[in-house]
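**Q** Here it is, the structure in full.
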Protein chains: 4
Amino acid sequence: MDKIGIGVIGAGRIGRVHTETIAQRIAEAEVVAVVDIDISAARELADKYMITQVSDNYIDVVANRDVDAVLICSPTETHAEYVIAAAKAGKHIFCEKPVALDLNDIKRALEAVEESGVKFMVGFNRRFDPNFKKIKEMVTGGKIGEPHILKITSRDPAPPPPEYVAASGGMFLDMTIHDFDMARYIVGSEVDEISVFGGVRVDERIGQAGDVDTAVITLKFENGAFGVIDNSRQAVYGYDQRVEIFGSNGMVKVDNNAPDNHDYYSRDGVHSSLPLNFFMDRYVEAYASEMKEFCRAIAEDRPVPVGGRDGLLSIAIGLAAKKSLAKKRPVKVSEVLDMNAIKRKTAPYA
Amino acid sequence: MDKIGIGVIGAGRIGRVHTETIAQRIAEAEVVAVVDIDISAARELADKYMITQVSDNYIDVVANRDVDAVLICSPTETHAEYVIAAAKAGKHIFCEKPVALDLNDIKRALEAVEESGVKFMVGFNRRFDPNFKKIKEMVTGGKIGEPHILKITSRDPAPPPPEYVAASGGMFLDMTIHDFDMARYIVGSEVDEISVFGGVRVDERIGQAGDVDTAVITLKFENGAFGVIDNSRQAVYGYDQRVEIFGSNGMVKVDNNAPDNHDYYSRDGVHSSLPLNFFMDRYVEAYASEMKEFCRAIAEDRPVPVGGRDGLLSIAIGLAAKKSLAKKRPVKVSEVLDMNAIKRKTAPYA
Amino acid sequence: MDKIGIGVIGAGRIGRVHTETIAQRIAEAEVVAVVDIDISAARELADKYMITQVSDNYIDVVANRDVDAVLICSPTETHAEYVIAAAKAGKHIFCEKPVALDLNDIKRALEAVEESGVKFMVGFNRRFDPNFKKIKEMVTGGKIGEPHILKITSRDPAPPPPEYVAASGGMFLDMTIHDFDMARYIVGSEVDEISVFGGVRVDERIGQAGDVDTAVITLKFENGAFGVIDNSRQAVYGYDQRVEIFGSNGMVKVDNNAPDNHDYYSRDGVHSSLPLNFFMDRYVEAYASEMKEFCRAIAEDRPVPVGGRDGLLSIAIGLAAKKSLAKKRPVKVSEVLDMNAIKRKTAPYA
Amino acid sequence: MDKIGIGVIGAGRIGRVHTETIAQRIAEAEVVAVVDIDISAARELADKYMITQVSDNYIDVVANRDVDAVLICSPTETHAEYVIAAAKAGKHIFCEKPVALDLNDIKRALEAVEESGVKFMVGFNRRFDPNFKKIKEMVTGGKIGEPHILKITSRDPAPPPPEYVAASGGMFLDMTIHDFDMARYIVGSEVDEISVFGGVRVDERIGQAGDVDTAVITLKFENGAFGVIDNSRQAVYGYDQRVEIFGSNGMVKVDNNAPDNHDYYSRDGVHSSLPLNFFMDRYVEAYASEMKEFCRAIAEDRPVPVGGRDGLLSIAIGLAAKKSLAKKRPVKVSEVLDMNAIKRKTAPYA
């Protein structure tokens with residue numbers, strides 16, 4: 001088989017990460033086109049990795065016959081449109097999270113994918129982190145028995161600029177969405193109900209922008225398990241990403257990673273290194289592994305590991321979280337999305 | 001000063017623990033009387049520690065002029081009555097948790113204490129655990145800045161007999177009450193609102209008895225902090241008692257204790273010892289420290305470290321938890337107790 | 001059986017520790033006599049624990065018919081004489097380490113014990129520490145297979161006064177002796193050869209007193225295992241006591257104990273508590289467990305867990321260490337003691 | 001500046017690792033030639049990374065005008081010859097460890113380097129491991145004060161084939177050489193004297209080949225510090241690589257790395273992952289970092305971080321270790337190498 005031709009839409013940070021991964025680590029794929037509305041960004045990337053086609057219009061990538069698959073790494077508000085165009089052109093699609101902030105936009109995108117039969121994968125990179133893969137593997141392997149309680153700690157090192165907050169859909173759709181996906185993934189069951197306590201503890205301007213920056217979120221899963229996610233936009237000690245799951249036969253937890261594992265003993269106590277502070281450092285291997293899985297799914301015509309249903313449900317849970325916060329009561333996910341209808345669907349929802 | 005004369009009411013497990021502590025570790029106090037409706041249990045304890053007065057009627061202890069203070073270690077339903085009698089007799093009082101399952105019973109008991117002016121301490125032993133004292137000390141010392149998120153994991157090694165469940169007031173009043181007290185203690189602020197997801201995951205008979213055995217409980221504190229408690233009646237790996245608090249300037253957490261700290265590396269992995277499995281093992285030092293503090297408060301006429309207000313509010317939060325579970329919505333603690341009235345009160349409420 | 005009557009010789013720190021243990025924790029024994037050349041120290045202890053006989057002459061204890069066993073807690077130079085006197089009087093003997101600094105003195109003492117048939121136990125308290133007991137149990141249980149490499153780290157928090165150094169026999173006989181005993185105990189084989197690199201790195205006055213304060217000591221055991229002990233008289237971060245053993249099927253190691261297990265995450269790093277700084281804190285449970293074992297061996301007429309041979313060989317290894325340092329070459333233990341003669345002996349050498 | 005042209009001599013495992021690093025991670029360098037006596041191995045590597053020149057004769061690389069620097073990744077017995085040839089041709093040199101097994105061969109090679117003035121770096125990859133870099137940085141930064149005791153644990157997951165043993169120079173020159181270099185690097189002082197206890201505990205055939213497979217090695221440094229290295233050819237739990245250094249103001253230690261940091265709590269205990277088992281996994285980042293440093297030293301005309309003196313002294317210590325084992329006594333490094341003569345030298349010895 002020839003190399004898989006990849007078109008990258010969006011030459012920003014995450015677009016560059018995926019391009020580098022393909023160039024350095026994925027022999028069976030090749031980036032053949034790059035698009036950015038900032039043509040200089042596209043050109044810079046193209047120069048670095050000897051990419052043939054450079055454009056400032058995504059249509060060019062979609063129309064490129066050498067492109068087998070696109071990576072949608074542009075701003076969220078463009079995702080649905082690009083997914084639809086790529087699907088219609090018969091290109092496989094890797095779309096960064098979130099697919100869209102509006103459930104109908106996501107559904108329209110998924111319908112286009114469904115009609116075209118292309119592969120569609122959503123960029124929930126954390127699923128590919130060695131720690132989280134291990135915890136998933138242990139749950140799936142029956143090590144903890146029936147899951148009873150899931151605990152996710154997810155705290156960012158620093159808050160986003162307040163002006164970013166509104167555009168992002170707020171903390172639950174922008175940041176917690178990763179945790180919602182992780183919750184579904186680890187527990188292996190859908191979230192039935194959600195209850196939120198949240199507030200502004202970090203930056204008043206986030207509150208003025210209509211969002212919260214600190215929250216404790218509880219989940220009830222369809223299989224009877226319970227979950228809790230605690231979020232903060234600012235952990236002064238760095239990026240804090242931990243998961244624990246407790247069940248009828250045991251418990252497994254994973255901790256943060258640090259740049260080294262030294263312990264220093266002085267008169268003042270025992271000191272060690274902080275967790276890796278930046279998501280690009282913490283998840284560098286996860287991003288690479290994610291892209292390999294996408295390319296392998298195409299090469300071997302296998303299902304992608306994270307599909308449209310994952311993109312849709314994570315947003316639905318996020319919208320339920322927003323509603324719980326606003327209404328000050330638990331909210332069923334079925335209040336925002338017809339779960340039964342979704343479950344009857346097949347790929348790309350499955 | 002003469003030794004403080006102690007009368008022990010209830011010669012069961014916890015009565016024996018306190019008696020031993022006084023005999024072995026507290027030079028300034030002496031157990032001079034022991035009462036149990038099972039006179040043989042009282043006699044056995046008296047023989048072992050050379051205790052002068054033995055009786056099967058608590059009135060005898062209350063009337064004993066050599067008794068300066070009583071330890072109420074009898075079943076919960078007797079606590080309020082014994083507190084009132086002891087207070088009227090001018091005896092200082094150490095009362096095991098919970099003071100009572102009914103708020104009015106507690107209030108009546110506290111009123112009697114208030115009138116008599118005796119000292120009144122409630123047996124929240126975990127406050128005296130070295131780990132939890134350390135975390136409290138760090139919060140009080142400003143190490144984490146403003147508290148934002150509290151996390152308490154509290155899981156028992158095995159469920160109680162189903163027949164115990166009803167009498168105990170249920171998981172929230174029997175087991176989680178320790179966590180409610182810990183939450184107030186560590187955060188240093190009152191719980192304003194509580195929201196509960198709970199169910200039966202461990203033992204169906206607990207459900208048949210009208211209780212839950214697994215829960216995730218979120219808290220909103222008056223100072224704006226949030227909290228989460230996760231409970232299970234059965235952790236197969238032992239007694240799991242951990243606390244973490246996160247704030248504007250950092251995070252501190254404490255873990256379980258194990259009987260030793262060995263790490264064993266074999267072909268199969270790295271293995272280490274489970275946490276101490278039994279609360280008497282985990283909290284042996286805490287029980288001793290608690291009793292020392294009570295005796296010292298009497299000897300030096302200082303305030304007790306855990307007072308009537310702590311006994312009252314922990315039950316109020318527990319009742320709010322039960323209501324949240326029943327009503328399937330967040331519940332303000334003020335729905336079950338007039339918090340403002342309580343705050344206006346002084347000792348023993350303060 | 002009546003309570004075992006205990007006579008304590010030496011009312012200093014360690015004598016007080018053992019007396020307290022017996023009073024508080026050992027129901028089957030009772031301290032009935034205490035002797036100290038400083039009569040006021042003896043009297044103080046007697047008052048506190050209601051001890052009948054008080055004297056400033058050890059002969060009184062040895063002659064006391066109520067005394068079944070003596071605890072020799074006096075300075076090292078008196079040990080041999082007291083052992084001999086007690087043995088002749090038919091008293092069981094617990095002797096603090098070292099039995100003597102001279103091998104002939106130890107042998108004379110052991111011969112007296114042998115003739116009288118009393119029990120003789122040496123106070124190597126560390127064998128009773130939960131961590132070291134665990135590592136021993138795992139080695140004995142075959143968890144590591146054949147032992148290949150033993151590693152002992154043993155560092156004191158602060159050096160002794162220089163004037164103490166000469167009287168103590170130097171670091172190897174005073175401090176490392178514990179590690180020599182631990183090495184024999186954990187590996188379960190005798191030390192065949194020893195090689196020492198040592199020097200003065202902490203306090204020049206220790207060098208002026210003819211001793212070293214820092215050393216790395218290697219051991220060759222009769223079973224083919226190797227070992228290393230590293231010593232320092234001053235670890236600024238506290239009392240450092242760790243053991244690791246590596247074998248054909250795995251490795252097990254034990255670490256220090258800290259007063260609590262908190263982890264504090266701030267902008268500056270992760271911080272936790274130092275190891276317990278004082279040997280009385282670190283080994284409080286070990287001292288109690290040791291005394292219980294001695295009393296139980298008497299009560300049940302069983303062999304003591306640490307005998308005369310252990311007292312003799314630890315000193316022999318220490319003398320070989322001194323010789324290795326002086327001669328700048330490896331030294332066989334058989335150069336200082338006829339190992340074969342010792343092995344042919346039975347109790348108290350066994 | 002143009003890209004640095006690299007010629008790779010030896011297309012075996014380590015040659016491939018360095019080639020991949022340069023291709024993927026070092027923009028300023030390019031592999032332009034590859035040589036292997038097995039031409040098919042050279043060709044395979046050339047195909048994969050589009051390398052222009054392929055040969056089975058190292059002379060071709062040395063004569064290639066596009067080659068600025070060579071990487072000597074061939075068997076040890078060829079190193080000295082290739083170094084000399086490359087130096088004469090004015091090529092910078094990166095040479096895998098050991099430079100040679102014979103001190104005179106190394107000296108001849110270094111003299112050629114000295115005459116030509118090219119850069120010469122030795123492949124002690126562990127210096128570039130994040131953990132060991134951290135410990136070095138802390139020692140250099142004065143965190144531990146004066147170094148007193150260094151401890152290195154270095155155990156391989158499985159022994160080499162017995163037939164490899166003789167050719168390799170034995171354990172001290174093949175395996176411990178890394179630890180000797182690490183010891184010099186971390187302590188920042190030269191080894192003055194060495195004493196070895198060693199034997200055959202793992203595989204009798206290693207003994208039959210004249211070597212040991214288990215050893216405890218003590219070091220005396222010129223600055224007065226002491227050190228210990230413990231080695232085994234077979235740790236059943238994986239590749240064990242730890243360092244600890246203790247000094248007048250504190251202690252710092254680094255542990256192994258595992259593929260994930262999960263902790264699993266079951267009825268049987270707490271379980272976690274074994275250390276990374278293979279040196280290519282453990283040191284993947286170290287190899288990349290090492291090669292970057294070499295290229296940067298050329299690009300910026302700076303001294304290399306590991307030079308000829310490091311290559312020479314690590315072998316000298318290894319030879320002293322062999323002598324200590326054979327003679328059963330401590331051996332001064334000056335017995336095998338004139339240290340003063342070496343110290344008077346400048347680059348490439350400095």
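Naming works like this for the structure tokens: A, B, ... for the chains as they're shown, residue 1 at the start of each chain, ligands 1 onward in shown order.
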Neighbouring residues of D:Arg205 were defined as those with any atom within 9 Å, considering only C-alpha atoms; residues of the same chain fewer than 5 positions away were excluded. Please report them as a count of residues only.

**A** 6

**Q** I need the chain B residues near chain D as a PDB file with all heavy atoms, in the first residue's frame; criterion: at most 8 Å, counting only C-alpha atoms.

**A**
ATOM      1  N   VAL B 236     -12.214  -3.933  49.769  1.00  0.00           N
ATOM      2  CA  VAL B 236     -11.638  -5.264  50.034  1.00  0.00           C
ATOM      3  C   VAL B 236     -10.178  -5.193  50.460  1.00  0.00           C
ATOM      4  O   VAL B 236      -9.645  -6.131  51.042  1.00  0.00           O
ATOM      5  CB  VAL B 236     -11.763  -6.201  48.802  1.00  0.00           C
ATOM      6  CG1 VAL B 236     -13.222  -6.430  48.450  1.00  0.00           C
ATOM      7  CG2 VAL B 236     -10.986  -5.654  47.615  1.00  0.00           C
ATOM      8  N   TYR B 237      -9.526  -4.089  50.170  1.00  0.00           N
ATOM      9  CA  TYR B 237      -8.110  -3.942  50.505  1.00  0.00           C
ATOM     10  C   TYR B 237      -7.910  -3.289  51.865  1.00  0.00           C
ATOM     11  O   TYR B 237      -6.761  -3.034  52.260  1.00  0.00           O
ATOM     12  CB  TYR B 237      -7.397  -3.128  49.424  1.00  0.00           C
ATOM     13  CG  TYR B 237      -8.046  -1.788  49.159  1.00  0.00           C
ATOM     14  CD1 TYR B 237      -7.731  -0.678  49.908  1.00  0.00           C
ATOM     15  CD2 TYR B 237      -9.014  -1.654  48.166  1.00  0.00           C
ATOM     16  CE1 TYR B 237      -8.330   0.542  49.670  1.00  0.00           C
ATOM     17  CE2 TYR B 237      -9.630  -0.435  47.928  1.00  0.00           C
ATOM     18  CZ  TYR B 237      -9.282   0.650  48.685  1.00  0.00           C
ATOM     19  OH  TYR B 237      -9.895   1.857  48.457  1.00  0.00           O
ATOM     20  N   GLY B 238      -8.993  -2.997  52.567  1.00  0.00           N
ATOM     21  CA  GLY B 238      -8.816  -2.488  53.925  1.00  0.00           C
ATOM     22  C   GLY B 238      -9.444  -1.140  54.165  1.00  0.00           C
ATOM     23  O   GLY B 238     -10.214  -0.635  53.353  1.00  0.00           O
ATOM     24  N   TYR B 265      10.135  -6.417  45.044  1.00  0.00           N
ATOM     25  CA  TYR B 265      10.243  -6.458  43.588  1.00  0.00           C
ATOM     26  C   TYR B 265      10.447  -7.905  43.144  1.00  0.00           C
ATOM     27  O   TYR B 265      11.489  -8.492  43.451  1.00  0.00           O
ATOM     28  CB  TYR B 265      11.449  -5.649  43.126  1.00  0.00           C
ATOM     29  CG  TYR B 265      11.316  -4.155  43.245  1.00  0.00           C
ATOM     30  CD1 TYR B 265      11.202  -3.537  44.490  1.00  0.00           C
ATOM     31  CD2 TYR B 265      11.309  -3.340  42.116  1.00  0.00           C
ATOM     32  CE1 TYR B 265      11.084  -2.158  44.604  1.00  0.00           C
ATOM     33  CE2 TYR B 265      11.190  -1.955  42.221  1.00  0.00           C
ATOM     34  CZ  TYR B 265      11.080  -1.382  43.464  1.00  0.00           C
ATOM     35  OH  TYR B 265      10.957  -0.019  43.564  1.00  0.00           O
ATOM     36  N   SER B 266       9.475  -8.425  42.422  1.00  0.00           N
ATOM     37  CA  SER B 266       9.643  -9.775  41.885  1.00  0.00           C
ATOM     38  C   SER B 266       9.342  -9.738  40.391  1.00  0.00           C
ATOM     39  O   SER B 266       9.054  -8.682  39.839  1.00  0.00           O
ATOM     40  CB  SER B 266       8.688 -10.734  42.584  1.00  0.00           C
ATOM     41  OG  SER B 266       7.372 -10.527  42.100  1.00  0.00           O
ATOM     42  N   ARG B 267       9.395 -10.884  39.764  1.00  0.00           N
ATOM     43  CA  ARG B 267       9.051 -10.938  38.338  1.00  0.00           C
ATOM     44  C   ARG B 267       7.652 -10.374  38.065  1.00  0.00           C
ATOM     45  O   ARG B 267       7.355  -9.898  36.983  1.00  0.00           O
ATOM     46  CB  ARG B 267       9.082 -12.383  37.844  1.00  0.00           C
ATOM     47  CG  ARG B 267      10.478 -12.931  37.629  1.00  0.00           C
ATOM     48  CD  ARG B 267      10.429 -14.382  37.218  1.00  0.00           C
ATOM     49  NE  ARG B 267      11.781 -14.937  37.083  1.00  0.00           N
ATOM     50  CZ  ARG B 267      12.474 -15.443  38.097  1.00  0.00           C
ATOM     51  NH1 ARG B 267      11.947 -15.489  39.306  1.00  0.00           N
ATOM     52  NH2 ARG B 267      13.695 -15.917  37.885  1.00  0.00           N
ATOM     53  N   ASP B 268       6.775 -10.463  39.063  1.00  0.00           N
ATOM     54  CA  ASP B 268       5.368 -10.115  38.859  1.00  0.00           C
ATOM     55  C   ASP B 268       5.049  -8.646  39.070  1.00  0.00           C
ATOM     56  O   ASP B 268       3.913  -8.224  38.851  1.00  0.00           O
ATOM     57  CB  ASP B 268       4.491 -10.916  39.837  1.00  0.00           C
ATOM     58  CG  ASP B 268       4.647 -12.400  39.623  1.00  0.00           C
ATOM     59  OD1 ASP B 268       4.888 -12.804  38.474  1.00  0.00           O
ATOM     60  OD2 ASP B 268       4.517 -13.154  40.602  1.00  0.00           O
ATOM     61  N   GLY B 269       5.979  -7.888  39.577  1.00  0.00           N
ATOM     62  CA  GLY B 269       5.689  -6.487  39.829  1.00  0.00           C
ATOM     63  C   GLY B 269       6.268  -6.054  41.155  1.00  0.00           C
ATOM     64  O   GLY B 269       7.063  -6.780  41.759  1.00  0.00           O
ATOM     65  N   VAL B 270       5.888  -4.881  41.565  1.00  0.00           N
ATOM     66  CA  VAL B 270       6.322  -4.347  42.853  1.00  0.00           C
ATOM     67  C   VAL B 270       5.136  -4.455  43.810  1.00  0.00           C
ATOM     68  O   VAL B 270       4.016  -4.082  43.451  1.00  0.00           O
ATOM     69  CB  VAL B 270       6.767  -2.878  42.721  1.00  0.00           C
ATOM     70  CG1 VAL B 270       7.308  -2.369  44.048  1.00  0.00           C
ATOM     71  CG2 VAL B 270       7.788  -2.724  41.610  1.00  0.00           C
ATOM     72  N   HIS B 271       5.392  -4.976  44.982  1.00  0.00           N
ATOM     73  CA  HIS B 271       4.321  -5.254  45.936  1.00  0.00           C
ATOM     74  C   HIS B 271       4.617  -4.553  47.251  1.00  0.00           C
ATOM     75  O   HIS B 271       5.760  -4.525  47.692  1.00  0.00           O
ATOM     76  CB  HIS B 271       4.235  -6.758  46.207  1.00  0.00           C
ATOM     77  CG  HIS B 271       4.262  -7.594  44.969  1.00  0.00           C
ATOM     78  ND1 HIS B 271       3.134  -8.129  44.410  1.00  0.00           N
ATOM     79  CD2 HIS B 271       5.281  -7.947  44.163  1.00  0.00           C
ATOM     80  CE1 HIS B 271       3.471  -8.801  43.309  1.00  0.00           C
ATOM     81  NE2 HIS B 271       4.774  -8.699  43.142  1.00  0.00           N
ATOM     82  N   SER B 272       3.577  -4.058  47.895  1.00  0.00           N
ATOM     83  CA  SER B 272       3.784  -3.506  49.232  1.00  0.00           C
ATOM     84  C   SER B 272       2.576  -3.805  50.105  1.00  0.00           C
ATOM     85  O   SER B 272       1.598  -4.398  49.649  1.00  0.00           O
ATOM     86  CB  SER B 272       4.100  -2.019  49.155  1.00  0.00           C
ATOM     87  OG  SER B 272       3.137  -1.349  48.398  1.00  0.00           O
ATOM     88  N   SER B 273       2.672  -3.419  51.352  1.00  0.00           N
ATOM     89  CA  SER B 273       1.656  -3.821  52.327  1.00  0.00           C
ATOM     90  C   SER B 273       0.378  -2.994  52.193  1.00  0.00           C
ATOM     91  O   SER B 273       0.416  -1.804  51.878  1.00  0.00           O
ATOM     92  CB  SER B 273       2.191  -3.653  53.749  1.00  0.00           C
ATOM     93  OG  SER B 273       3.175  -4.624  54.010  1.00  0.00           O
ATOM     94  N   LEU B 274      -0.728  -3.622  52.479  1.00  0.00           N
ATOM     95  CA  LEU B 274      -2.020  -2.939  52.502  1.00  0.00           C
ATOM     96  C   LEU B 274      -2.080  -1.961  53.674  1.00  0.00           C
ATOM     97  O   LEU B 274      -1.355  -2.109  54.651  1.00  0.00           O
ATOM     98  CB  LEU B 274      -3.133  -3.971  52.654  1.00  0.00           C
ATOM     99  CG  LEU B 274      -3.425  -4.786  51.391  1.00  0.00           C
ATOM    100  CD1 LEU B 274      -4.462  -5.847  51.678  1.00  0.00           C
ATOM    101  CD2 LEU B 274      -3.900  -3.871  50.269  1.00  0.00           C
TER     102      LEU B 274
END

**Q** Measuring atom to atom with only C-alpha atoms, identify which of C:Gly227, C:Gly15, C:Gly198, C:Gly188 is nearest to C:Asp310.

**A**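 With only C-alpha atoms as the atom set, the closest residue is C:Gly188.
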
**Q** Smallest atom-to-atom distance to D:Ala112: which of D:Val212, D:Val31, D:Ile93, D:Ala87, using only C-alpha atoms?

**A**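 Answer, going by the shortest atom-to-atom distance: D:Ala87.
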
**Q** Fewer than 5 positions away in the same chain doesn't count, so skip those; otherwise give me all residues within 12 Å of C:Ala341, counting only C-alpha atoms, as a PyMOL selection string.

**A** chain C and resi 107+309+334+346+349-350

**Q** Give me the residues near A:Lys91 as a VMD selection string, where near means some atom within 6 Å (using only C-alpha atoms) and where sequence neighbours in that chain fewer than 4 positions away do not count.

**A** chain A and resid 68 to 69 86 to 87

**Q** Go through C:Leu71, C:Ile39, C:Ile186, C:Ala209 one by one, measure the shortest atom-to-atom distance of each to C:Tyr164 using only C-alpha atoms, and give the residue with the smallest value.

**A**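 Closest to C:Tyr164, using only C-alpha atoms: C:Ala209.
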
**Q** Compare B:Val254, B:Ile149, B:Ile245, B:Ile14 by their minimum atom-to-atom distance to B:Gly224, counting only C-alpha atoms, and give me the closest one.

**A**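 Among the listed residues, the smallest separation from B:Gly224 belongs to B:Ile149.
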
**Q** What parts of stretch 13-100 of chain B does DSSP call strand (DSSP E)? I'd like the answer as a ChimeraX atom specification.

**A** /B:29-35,53-55,69-72,92-95

**Q** Run DSSP on the backbone and grab whatever in stretch 114-321 of chain C lands in helix (DSSP H, G or I); send it over as a VMD selection string.

**A** chain C and resid 114 to 116 125 to 128 130 to 140 162 to 167 171 to 174 176 to 187 204 to 208 279 to 282 284 to 299 308 to 321

**Q** Write out as a ChimeraX atom specification which residues come within 12 Å of stretch 165-167 of chain D when counting only C-alpha atoms, dropping same-chain ones fewer than 3 positions away.

**A** /D:75-77,100-101,159-162,170-175,203,205-213,233

**Q** With N, CA, C and O atoms kept, could you save the residues just selected as a compact mmCIF listing (two decimals), in the first residue's frame?

**A**
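The result, stored in out.txt:
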# COMPACT_ATOMS: atom_id res chain seq x y z
N PRO D 75 32.27 -2.81 17.01
CA PRO D 75 32.75 -3.54 18.19
C PRO D 75 33.97 -2.87 18.83
O PRO D 75 34.77 -2.22 18.15
N THR D 76 34.09 -3.08 20.13
CA THR D 76 35.12 -2.40 20.92
C THR D 76 36.52 -2.55 20.33
O THR D 76 37.29 -1.57 20.29
N GLU D 77 36.86 -3.73 19.85
CA GLU D 77 38.24 -3.95 19.42
C GLU D 77 38.63 -3.10 18.21
O GLU D 77 39.82 -2.95 17.91
N ALA D 100 38.59 1.47 24.50
CA ALA D 100 39.33 0.22 24.25
C ALA D 100 39.46 -0.47 25.58
O ALA D 100 39.21 0.13 26.63
N LEU D 101 39.87 -1.71 25.55
CA LEU D 101 40.03 -2.44 26.81
C LEU D 101 41.44 -2.29 27.37
O LEU D 101 41.69 -2.64 28.51
N PRO D 159 21.79 -11.90 32.27
CA PRO D 159 23.21 -11.97 31.96
C PRO D 159 23.45 -12.09 30.46
O PRO D 159 22.58 -12.57 29.72
N PRO D 160 24.61 -11.66 30.02
CA PRO D 160 24.96 -11.83 28.61
C PRO D 160 25.27 -13.31 28.35
O PRO D 160 25.49 -14.07 29.29
N PRO D 161 25.30 -13.71 27.10
CA PRO D 161 25.73 -15.08 26.79
C PRO D 161 27.16 -15.26 27.30
O PRO D 161 27.99 -14.34 27.16
N PRO D 162 27.48 -16.42 27.85
CA PRO D 162 28.83 -16.64 28.39
C PRO D 162 29.92 -16.36 27.36
O PRO D 162 30.99 -15.85 27.71
N GLY D 170 35.00 -8.54 30.51
CA GLY D 170 34.45 -8.88 31.82
C GLY D 170 33.53 -7.80 32.36
O GLY D 170 33.46 -6.69 31.84
N MET D 171 32.84 -8.16 33.43
CA MET D 171 31.79 -7.28 33.96
C MET D 171 32.28 -5.88 34.27
O MET D 171 31.61 -4.89 33.97
N PHE D 172 33.48 -5.75 34.85
CA PHE D 172 33.93 -4.42 35.27
C PHE D 172 34.19 -3.49 34.09
O PHE D 172 33.95 -2.29 34.18
N LEU D 173 34.68 -4.03 33.00
CA LEU D 173 34.99 -3.18 31.83
C LEU D 173 33.79 -3.02 30.89
O LEU D 173 33.75 -2.08 30.10
N ASP D 174 32.85 -3.92 31.01
CA ASP D 174 31.71 -3.91 30.09
C ASP D 174 30.48 -3.24 30.70
O ASP D 174 29.81 -2.43 30.07
N MET D 175 30.22 -3.56 31.94
CA MET D 175 28.98 -3.11 32.60
C MET D 175 29.27 -2.06 33.67
O MET D 175 28.71 -0.98 33.66
N ASP D 203 25.27 -17.30 37.12
CA ASP D 203 25.44 -18.27 36.03
C ASP D 203 26.85 -18.84 36.10
O ASP D 203 27.84 -18.13 35.85
N ARG D 205 28.51 -20.56 34.15
CA ARG D 205 29.31 -20.47 32.93
C ARG D 205 30.07 -19.15 32.85
O ARG D 205 31.10 -19.04 32.19
N ILE D 206 29.54 -18.13 33.53
CA ILE D 206 30.27 -16.87 33.59
C ILE D 206 31.55 -17.06 34.38
O ILE D 206 32.62 -16.56 34.00
N GLY D 207 31.44 -17.82 35.45
CA GLY D 207 32.63 -18.14 36.23
C GLY D 207 33.63 -18.95 35.42
O GLY D 207 34.84 -18.71 35.46
N GLN D 208 33.11 -19.90 34.66
CA GLN D 208 33.98 -20.72 33.82
C GLN D 208 34.69 -19.87 32.78
O GLN D 208 35.82 -20.17 32.37
N ALA D 209 34.05 -18.79 32.38
CA ALA D 209 34.67 -17.88 31.41
C ALA D 209 35.63 -16.91 32.11
O ALA D 209 36.15 -16.00 31.48
N GLY D 210 35.81 -17.09 33.40
CA GLY D 210 36.81 -16.28 34.11
C GLY D 210 36.29 -14.98 34.66
O GLY D 210 37.08 -14.10 35.02
N ASP D 211 35.01 -14.81 34.73
CA ASP D 211 34.46 -13.53 35.18
C ASP D 211 33.55 -13.73 36.40
O ASP D 211 33.30 -14.86 36.83
N VAL D 212 33.11 -12.64 36.99
CA VAL D 212 32.12 -12.66 38.06
C VAL D 212 30.82 -12.07 37.53
O VAL D 212 30.79 -11.40 36.50
N ASP D 213 29.73 -12.34 38.25
CA ASP D 213 28.44 -11.77 37.82
C ASP D 213 27.76 -10.99 38.93
O ASP D 213 26.67 -10.44 38.74
N ARG D 233 24.40 -9.27 37.38
CA ARG D 233 24.07 -9.49 35.97
C ARG D 233 22.61 -9.88 35.80
O ARG D 233 22.13 -9.98 34.67

**Q** If we count only C-alpha atoms and set the cut-off at 9 Å, which residues sit around A:Ile72, ignoring sequence neighbours fewer than 4 positions away in its own chain? Please answer as a ChimeraX atom specification.

**A** /A:7-10,15,78-79,82-83,93-96
